[in-house]
Amino acid sequence: MDRFFLILFTLIVFTVYGAMFHFAPKVKRFQVETEGQMSYGLDSAKVNVIVFEEFACFQCRRFHNEVMPELFGKYVNTGKVKLTLIPVAYLDPSLPAFSAACCISKLGPKYLKAFLDHVFEMSDKEMSTLSARELAASFASTAPKISLNEILQCTKSSHIEEEREKSIAQATALYDENIHMPTLLVNGRIVSPLDKQSVFSTIEKELYDQKK
């Protein structure tokens with residue numbers, strides 16, 4: 001009799017756990033178009049991270065300065081993660097920095113992160129009061145291989161507004177036409193970028209799942 005109840009109990013446990021697994025909510029994953037955006041790391045990396053950053057966003061500055069360096073050091077530079085940066089200018093004060101960023105990413109792709117580092121080190125007031133020309137000039141002085149004249153010519157191009165609208169549309173699509181900045185996706189899964197532990201634990205889980 002004891003053996004019968006043991007078998008019955010085991011069957012019930014497996015049934016319950018099976019039902020929990022079957023009916024557990026699936027993790028929602030989003031597809032984001034990254035063509036033309038600047039990426040860092042290996043194309044063969046098992047984990048893809050996409051980051052949307054708004055220049056006039058205080059939380060974006062916090063994320064970029066506090067989380068991004070460790071994200072690069074632990075995962076991007078070690079070949080575990082491919083990271084795509086998508087600047088956003090949802091707020092008008094961000095437009096000069098966004099214009100300069102778009103042009104820098106086209107003229108000298110590897111310099112985009114360095115430009116973002118440069119801008120996010122500024123105070124919000126300083127960043128929002130400088131023109132695209134002034135922002136480009138201040139960065140060009142730290143990256144002499146970047147042509148300031150080419151950047152300035154590029155900022156006058158009509159494609160800047162198209163790029164702005166595209167990045168805003170992508171960001172708002174993730175939150176049912178609302179926008180949250182910064183936004184971070186790990187293999188298409190939205191993760192709170194301001195919770196560093198959550199970001200890194202999600203990446204570790206994705207890396208572990210890829211090994212199965």
# chains A, B, ... in the order shown; residues from 1 in each chain; ligands from 1
>>> residues_around(residues="Met127 in chain A", least_positions_apart="5", cutoff="10 Å", atoms="only C-alpha atoms", output="list in words")
Phe55, Ala56, Pro93, Ser94, Pro96, Ala97, His118, Val119, Phe120, Glu121, Met122, Ala132, Glu134 and Leu135 of chain A
>>> write_last_selection(atoms="C-alpha atoms", output="short mmCIF file (atom, residue, chain, number, x, y, z; two decimals), in the first residue's frame")
data_model
loop_
_atom_site.label_atom_id
_atom_site.label_comp_id
_atom_site.auth_asym_id
_atom_site.auth_seq_id
_atom_site.Cartn_x
_atom_site.Cartn_y
_atom_site.Cartn_z
CA PHE A 55 20.54 61.77 -24.85
CA ALA A 56 18.38 64.02 -22.66
CA PRO A 93 17.03 68.85 -26.71
CA SER A 94 18.55 65.56 -27.84
CA PRO A 96 21.86 68.06 -31.85
CA ALA A 97 23.59 65.13 -30.14
CA HIS A 118 31.73 61.86 -24.43
CA VAL A 119 28.16 63.19 -24.41
CA PHE A 120 26.99 61.28 -21.33
CA GLU A 121 29.92 62.64 -19.37
CA MET A 122 28.48 66.13 -19.90
CA ALA A 132 25.45 69.65 -33.30
CA GLU A 134 29.72 72.33 -31.09
CA LEU A 135 29.19 68.75 -29.94
#
>>> atom_distance(atom1="CA of Thr183 in chain A", atom2="CA of Glu53 in chain A")
7.0 Å
>>> closest_atom_pairs(of="range 105-211 of chain A", to="range 65-76 of chain A", cutoff="12 Å", atoms="only C-alpha atoms", output="JSON lines")
{"residue": "A:Lys113", "atom": "CA", "partner": "A:Met68", "partner_atom": "CA", "distance": 10.1}
{"residue": "A:Ala114", "atom": "CA", "partner": "A:Pro69", "partner_atom": "CA", "distance": 11.6}
{"residue": "A:Leu116", "atom": "CA", "partner": "A:Asn65", "partner_atom": "CA", "distance": 9.9}
{"residue": "A:Asp117", "atom": "CA", "partner": "A:Asn65", "partner_atom": "CA", "distance": 7.6}
{"residue": "A:His118", "atom": "CA", "partner": "A:Asn65", "partner_atom": "CA", "distance": 10.3}
{"residue": "A:Val119", "atom": "CA", "partner": "A:Asn65", "partner_atom": "CA", "distance": 10.6}
{"residue": "A:Phe120", "atom": "CA", "partner": "A:Asn65", "partner_atom": "CA", "distance": 7.2}
{"residue": "A:Glu121", "atom": "CA", "partner": "A:Asn65", "partner_atom": "CA", "distance": 7.7}
{"residue": "A:Met122", "atom": "CA", "partner": "A:Asn65", "partner_atom": "CA", "distance": 11.0}
{"residue": "A:Pro182", "atom": "CA", "partner": "A:Val67", "partner_atom": "CA", "distance": 11.7}
{"residue": "A:Leu184", "atom": "CA", "partner": "A:Met68", "partner_atom": "CA", "distance": 11.1}
{"residue": "A:Val186", "atom": "CA", "partner": "A:Leu71", "partner_atom": "CA", "distance": 12.0}
{"residue": "A:Ser192", "atom": "CA", "partner": "A:Val67", "partner_atom": "CA", "distance": 11.5}
{"residue": "A:Pro193", "atom": "CA", "partner": "A:Val67", "partner_atom": "CA", "distance": 8.1}
{"residue": "A:Leu194", "atom": "CA", "partner": "A:Val67", "partner_atom": "CA", "distance": 7.9}
{"residue": "A:Asp195", "atom": "CA", "partner": "A:Val67", "partner_atom": "CA", "distance": 8.9}
{"residue": "A:Lys196", "atom": "CA", "partner": "A:Val67", "partner_atom": "CA", "distance": 6.3}
{"residue": "A:Gln197", "atom": "CA", "partner": "A:Val67", "partner_atom": "CA", "distance": 9.7}
{"residue": "A:Ser198", "atom": "CA", "partner": "A:Val67", "partner_atom": "CA", "distance": 11.2}
{"residue": "A:Val199", "atom": "CA", "partner": "A:Leu71", "partner_atom": "CA", "distance": 8.8}
{"residue": "A:Phe200", "atom": "CA", "partner": "A:Leu71", "partner_atom": "CA", "distance": 7.8}
{"residue": "A:Ser201", "atom": "CA", "partner": "A:Leu71", "partner_atom": "CA", "distance": 11.6}
{"residue": "A:Ile203", "atom": "CA", "partner": "A:Tyr75", "partner_atom": "CA", "distance": 8.7}
{"residue": "A:Glu204", "atom": "CA", "partner": "A:Tyr75", "partner_atom": "CA", "distance": 9.6}
{"residue": "A:Leu207", "atom": "CA", "partner": "A:Tyr75", "partner_atom": "CA", "distance": 10.4}
>>> write_last_selection(atoms="N, CA and C atoms", output="short mmCIF file (atom, residue, chain, number, x, y, z; two decimals), in the first residue's frame")
data_model
loop_
_atom_site.label_atom_id
_atom_site.label_comp_id
_atom_site.auth_asym_id
_atom_site.auth_seq_id
_atom_site.Cartn_x
_atom_site.Cartn_y
_atom_site.Cartn_z
N LYS A 113 30.44 54.68 -29.87
CA LYS A 113 30.41 54.52 -28.41
C LYS A 113 31.26 55.59 -27.74
N ALA A 114 32.41 55.91 -28.34
CA ALA A 114 33.27 56.95 -27.76
C ALA A 114 32.54 58.29 -27.73
N LEU A 116 29.20 58.64 -27.57
CA LEU A 116 28.19 58.51 -26.52
C LEU A 116 28.82 58.69 -25.14
N ASP A 117 30.00 58.09 -24.95
CA ASP A 117 30.71 58.28 -23.68
C ASP A 117 30.97 59.77 -23.45
N HIS A 118 31.40 60.43 -24.51
CA HIS A 118 31.73 61.86 -24.43
C HIS A 118 30.51 62.69 -24.03
N VAL A 119 29.38 62.42 -24.67
CA VAL A 119 28.16 63.19 -24.41
C VAL A 119 27.60 62.90 -23.02
N PHE A 120 27.58 61.62 -22.63
CA PHE A 120 26.99 61.28 -21.33
C PHE A 120 27.87 61.68 -20.15
N GLU A 121 29.08 62.08 -20.43
CA GLU A 121 29.92 62.64 -19.37
C GLU A 121 29.58 64.11 -19.10
N MET A 122 28.88 64.73 -20.06
CA MET A 122 28.48 66.13 -19.90
C MET A 122 27.28 66.23 -18.96
N PRO A 182 16.25 54.36 -20.61
CA PRO A 182 16.75 53.53 -21.71
C PRO A 182 15.96 52.23 -21.82
N LEU A 184 16.53 48.13 -22.93
CA LEU A 184 17.55 47.12 -23.19
C LEU A 184 16.87 45.79 -23.46
N VAL A 186 17.68 41.64 -24.30
CA VAL A 186 18.64 40.54 -24.33
C VAL A 186 18.02 39.41 -25.14
N SER A 192 15.09 45.27 -17.42
CA SER A 192 15.29 46.59 -16.81
C SER A 192 16.75 46.97 -16.85
N PRO A 193 17.12 48.01 -17.60
CA PRO A 193 18.53 48.36 -17.74
C PRO A 193 19.12 48.99 -16.47
N LEU A 194 18.26 49.46 -15.60
CA LEU A 194 18.75 50.12 -14.39
C LEU A 194 19.01 49.13 -13.25
N ASP A 195 18.63 47.88 -13.46
CA ASP A 195 18.91 46.83 -12.49
C ASP A 195 20.08 46.01 -13.04
N LYS A 196 21.29 46.41 -12.68
CA LYS A 196 22.48 45.78 -13.24
C LYS A 196 22.49 44.28 -13.01
N GLN A 197 22.08 43.85 -11.84
CA GLN A 197 22.08 42.43 -11.54
C GLN A 197 21.12 41.68 -12.45
N SER A 198 19.97 42.28 -12.73
CA SER A 198 18.99 41.66 -13.61
C SER A 198 19.53 41.54 -15.03
N VAL A 199 20.22 42.58 -15.48
CA VAL A 199 20.81 42.56 -16.83
C VAL A 199 21.81 41.41 -16.95
N PHE A 200 22.73 41.35 -16.00
CA PHE A 200 23.79 40.35 -16.08
C PHE A 200 23.27 38.94 -15.85
N SER A 201 22.31 38.77 -14.94
CA SER A 201 21.77 37.42 -14.69
C SER A 201 20.98 36.93 -15.90
N ILE A 203 21.63 37.78 -19.05
CA ILE A 203 22.65 37.41 -20.04
C ILE A 203 23.23 36.04 -19.71
N GLU A 204 23.54 35.81 -18.43
CA GLU A 204 24.09 34.52 -18.02
C GLU A 204 23.12 33.39 -18.30
N LEU A 207 23.14 32.68 -22.00
CA LEU A 207 24.37 31.97 -22.35
C LEU A 207 24.27 30.49 -21.95
#
>>> atom_distance(atom1="CA of Leu83 in chain A", atom2="CA of Val51 in chain A")
7.6 Å
>>> closest_atom_pairs(of="range 53-138 of chain A", to="range 171-175 of chain A", cutoff="12 Å", atoms="only C-alpha atoms", output="CSV")
residue,atom,partner,partner_atom,distance
A:Glu53,CA,A:Ala171,CA,9.6
A:Glu54,CA,A:Ala171,CA,10.3
A:Ile86,CA,A:Ala171,CA,9.3
A:Pro87,CA,A:Ala171,CA,10.1
A:Val88,CA,A:Ala171,CA,8.2
A:Ala89,CA,A:Ala171,CA,10.6
A:Tyr90,CA,A:Ala171,CA,9.4
>>> closest_residue(among="A:Glu35, A:Glu126, A:Glu165, A:Asp43", to="Leu85 in chain A", atoms="only C-alpha atoms")
A:Glu35
>>> residues_around(residues="Ser123 in chain A", least_positions_apart="6", cutoff="12 Å", atoms="only C-alpha atoms", output="PyMOL selection string")
chain A and resi 55-58+61-62+129-130
>>> select_by_dssp(residues="range 9-98 of chain A", states="strand (DSSP E)", output="count of residues only")
19
>>> atom_distance(atom1="CA of Ser167 in chain A", atom2="CA of Thr34 in chain A")
9.9 Å
>>> select_by_dssp(residues="range 76-136 of chain A", states="alpha helix (DSSP H)", output="JSON, numbers by chain")
{"A": [95, 96, 97, 98, 99, 100, 101, 102, 103, 104, 105, 106, 107, 112, 113, 114, 115, 116, 117, 118, 119, 120, 124, 125, 126, 127, 128, 129, 132, 133, 134, 135, 136]}
>>> residues_around(residues="Thr155 in chain A", least_positions_apart="3", cutoff="7 Å", atoms="only C-alpha atoms", output="MDAnalysis selection string")
chainID A and resid 99:100 103 151:152 160
>>> write_last_selection(atoms="C-alpha atoms", output="PDB file, in the first residue's frame")
ATOM      1  CA  SER A  99      22.455  64.387 -35.417  1.00  0.00           C
ATOM      2  CA  ALA A 100      26.147  64.255 -34.562  1.00  0.00           C
ATOM      3  CA  CYS A 103      26.909  61.135 -38.740  1.00  0.00           C
ATOM      4  CA  ILE A 151      30.364  65.461 -39.814  1.00  0.00           C
ATOM      5  CA  LEU A 152      29.002  68.984 -40.255  1.00  0.00           C
ATOM      6  CA  ILE A 160      18.802  62.691 -40.020  1.00  0.00           C
TER       7      ILE A 160
END
>>> residues_around(residues="Gly188 in chain A", least_positions_apart="5", cutoff="10 Å", atoms="only C-alpha atoms", output="list of chain:residue names")
A:Val27, A:Lys28, A:Arg29, A:Phe30, A:Gln31, A:Val32, A:Val47, A:Asn48, A:Val49, A:Ile50
>>> decode(residues="range 108-142 of chain A", atoms="N, CA and C atoms", output="PDB file, in the first residue's frame")
ATOM      1  N   GLY A 108      32.594  57.187 -39.111  1.00  0.00           N
ATOM      2  CA  GLY A 108      33.599  56.458 -38.338  1.00  0.00           C
ATOM      3  C   GLY A 108      32.912  55.567 -37.336  1.00  0.00           C
ATOM      4  N   PRO A 109      32.335  54.452 -37.816  1.00  0.00           N
ATOM      5  CA  PRO A 109      31.473  53.602 -36.982  1.00  0.00           C
ATOM      6  C   PRO A 109      32.044  53.249 -35.615  1.00  0.00           C
ATOM      7  N   LYS A 110      33.324  52.938 -35.560  1.00  0.00           N
ATOM      8  CA  LYS A 110      33.896  52.497 -34.291  1.00  0.00           C
ATOM      9  C   LYS A 110      33.915  53.606 -33.249  1.00  0.00           C
ATOM     10  N   TYR A 111      33.663  54.849 -33.689  1.00  0.00           N
ATOM     11  CA  TYR A 111      33.715  55.973 -32.764  1.00  0.00           C
ATOM     12  C   TYR A 111      32.377  56.279 -32.095  1.00  0.00           C
ATOM     13  N   LEU A 112      31.314  55.581 -32.478  1.00  0.00           N
ATOM     14  CA  LEU A 112      30.006  55.923 -31.922  1.00  0.00           C
ATOM     15  C   LEU A 112      29.975  55.799 -30.409  1.00  0.00           C
ATOM     16  N   LYS A 113      30.440  54.681 -29.872  1.00  0.00           N
ATOM     17  CA  LYS A 113      30.406  54.521 -28.414  1.00  0.00           C
ATOM     18  C   LYS A 113      31.257  55.592 -27.740  1.00  0.00           C
ATOM     19  N   ALA A 114      32.406  55.907 -28.336  1.00  0.00           N
ATOM     20  CA  ALA A 114      33.269  56.945 -27.762  1.00  0.00           C
ATOM     21  C   ALA A 114      32.537  58.288 -27.731  1.00  0.00           C
ATOM     22  N   PHE A 115      31.739  58.562 -28.779  1.00  0.00           N
ATOM     23  CA  PHE A 115      30.960  59.805 -28.791  1.00  0.00           C
ATOM     24  C   PHE A 115      29.883  59.773 -27.714  1.00  0.00           C
ATOM     25  N   LEU A 116      29.203  58.635 -27.570  1.00  0.00           N
ATOM     26  CA  LEU A 116      28.187  58.513 -26.517  1.00  0.00           C
ATOM     27  C   LEU A 116      28.820  58.688 -25.143  1.00  0.00           C
ATOM     28  N   ASP A 117      29.998  58.090 -24.950  1.00  0.00           N
ATOM     29  CA  ASP A 117      30.714  58.277 -23.684  1.00  0.00           C
ATOM     30  C   ASP A 117      30.973  59.766 -23.445  1.00  0.00           C
ATOM     31  N   HIS A 118      31.397  60.435 -24.506  1.00  0.00           N
ATOM     32  CA  HIS A 118      31.727  61.861 -24.433  1.00  0.00           C
ATOM     33  C   HIS A 118      30.515  62.694 -24.032  1.00  0.00           C
ATOM     34  N   VAL A 119      29.379  62.417 -24.672  1.00  0.00           N
ATOM     35  CA  VAL A 119      28.165  63.192 -24.408  1.00  0.00           C
ATOM     36  C   VAL A 119      27.602  62.904 -23.018  1.00  0.00           C
ATOM     37  N   PHE A 120      27.581  61.622 -22.626  1.00  0.00           N
ATOM     38  CA  PHE A 120      26.991  61.276 -21.332  1.00  0.00           C
ATOM     39  C   PHE A 120      27.868  61.676 -20.151  1.00  0.00           C
ATOM     40  N   GLU A 121      29.083  62.078 -20.427  1.00  0.00           N
ATOM     41  CA  GLU A 121      29.920  62.635 -19.365  1.00  0.00           C
ATOM     42  C   GLU A 121      29.582  64.106 -19.105  1.00  0.00           C
ATOM     43  N   MET A 122      28.883  64.730 -20.062  1.00  0.00           N
ATOM     44  CA  MET A 122      28.482  66.131 -19.901  1.00  0.00           C
ATOM     45  C   MET A 122      27.285  66.231 -18.959  1.00  0.00           C
ATOM     46  N   SER A 123      27.090  67.399 -18.402  1.00  0.00           N
ATOM     47  CA  SER A 123      25.878  67.635 -17.628  1.00  0.00           C
ATOM     48  C   SER A 123      24.714  67.771 -18.602  1.00  0.00           C
ATOM     49  N   ASP A 124      23.508  67.572 -18.108  1.00  0.00           N
ATOM     50  CA  ASP A 124      22.327  67.683 -18.956  1.00  0.00           C
ATOM     51  C   ASP A 124      22.232  69.081 -19.554  1.00  0.00           C
ATOM     52  N   LYS A 125      22.536  70.080 -18.766  1.00  0.00           N
ATOM     53  CA  LYS A 125      22.458  71.466 -19.231  1.00  0.00           C
ATOM     54  C   LYS A 125      23.467  71.721 -20.339  1.00  0.00           C
ATOM     55  N   GLU A 126      24.689  71.256 -20.160  1.00  0.00           N
ATOM     56  CA  GLU A 126      25.724  71.468 -21.160  1.00  0.00           C
ATOM     57  C   GLU A 126      25.363  70.777 -22.467  1.00  0.00           C
ATOM     58  N   MET A 127      24.927  69.529 -22.377  1.00  0.00           N
ATOM     59  CA  MET A 127      24.594  68.778 -23.576  1.00  0.00           C
ATOM     60  C   MET A 127      23.450  69.429 -24.344  1.00  0.00           C
ATOM     61  N   SER A 128      22.419  69.870 -23.642  1.00  0.00           N
ATOM     62  CA  SER A 128      21.216  70.383 -24.294  1.00  0.00           C
ATOM     63  C   SER A 128      21.390  71.778 -24.865  1.00  0.00           C
ATOM     64  N   THR A 129      22.416  72.503 -24.443  1.00  0.00           N
ATOM     65  CA  THR A 129      22.602  73.872 -24.941  1.00  0.00           C
ATOM     66  C   THR A 129      23.614  73.945 -26.086  1.00  0.00           C
ATOM     67  N   LEU A 130      24.334  72.850 -26.349  1.00  0.00           N
ATOM     68  CA  LEU A 130      25.316  72.853 -27.435  1.00  0.00           C
ATOM     69  C   LEU A 130      24.663  72.444 -28.742  1.00  0.00           C
ATOM     70  N   SER A 131      25.117  73.041 -29.830  1.00  0.00           N
ATOM     71  CA  SER A 131      24.625  72.678 -31.155  1.00  0.00           C
ATOM     72  C   SER A 131      25.313  71.412 -31.624  1.00  0.00           C
ATOM     73  N   ALA A 132      24.805  70.837 -32.715  1.00  0.00           N
ATOM     74  CA  ALA A 132      25.448  69.653 -33.296  1.00  0.00           C
ATOM     75  C   ALA A 132      26.875  69.983 -33.689  1.00  0.00           C
ATOM     76  N   ARG A 133      27.094  71.181 -34.217  1.00  0.00           N
ATOM     77  CA  ARG A 133      28.433  71.606 -34.606  1.00  0.00           C
ATOM     78  C   ARG A 133      29.370  71.638 -33.403  1.00  0.00           C
ATOM     79  N   GLU A 134      28.879  72.213 -32.300  1.00  0.00           N
ATOM     80  CA  GLU A 134      29.716  72.335 -31.094  1.00  0.00           C
ATOM     81  C   GLU A 134      29.998  70.962 -30.485  1.00  0.00           C
ATOM     82  N   LEU A 135      28.997  70.091 -30.474  1.00  0.00           N
ATOM     83  CA  LEU A 135      29.194  68.745 -29.938  1.00  0.00           C
ATOM     84  C   LEU A 135      30.185  67.966 -30.800  1.00  0.00           C
ATOM     85  N   ALA A 136      30.026  68.081 -32.121  1.00  0.00           N
ATOM     86  CA  ALA A 136      30.936  67.393 -33.032  1.00  0.00           C
ATOM     87  C   ALA A 136      32.356  67.912 -32.878  1.00  0.00           C
ATOM     88  N   ALA A 137      32.488  69.227 -32.738  1.00  0.00           N
ATOM     89  CA  ALA A 137      33.816  69.836 -32.600  1.00  0.00           C
ATOM     90  C   ALA A 137      34.485  69.401 -31.306  1.00  0.00           C
ATOM     91  N   SER A 138      33.715  69.349 -30.228  1.00  0.00           N
ATOM     92  CA  SER A 138      34.307  68.962 -28.946  1.00  0.00           C
ATOM     93  C   SER A 138      34.752  67.511 -28.969  1.00  0.00           C
ATOM     94  N   PHE A 139      34.001  66.672 -29.696  1.00  0.00           N
ATOM     95  CA  PHE A 139      34.404  65.267 -29.799  1.00  0.00           C
ATOM     96  C   PHE A 139      35.570  65.094 -30.758  1.00  0.00           C
ATOM     97  N   ALA A 140      35.549  65.819 -31.883  1.00  0.00           N
ATOM     98  CA  ALA A 140      36.612  65.694 -32.887  1.00  0.00           C
ATOM     99  C   ALA A 140      37.974  66.034 -32.298  1.00  0.00           C
ATOM    100  N   SER A 141      37.981  66.913 -31.297  1.00  0.00           N
ATOM    101  CA  SER A 141      39.257  67.276 -30.676  1.00  0.00           C
ATOM    102  C   SER A 141      39.852  66.108 -29.898  1.00  0.00           C
ATOM    103  N   THR A 142      39.007  65.131 -29.534  1.00  0.00           N
ATOM    104  CA  THR A 142      39.490  63.945 -28.808  1.00  0.00           C
ATOM    105  C   THR A 142      39.689  62.762 -29.743  1.00  0.00           C
TER     106      THR A 142
END
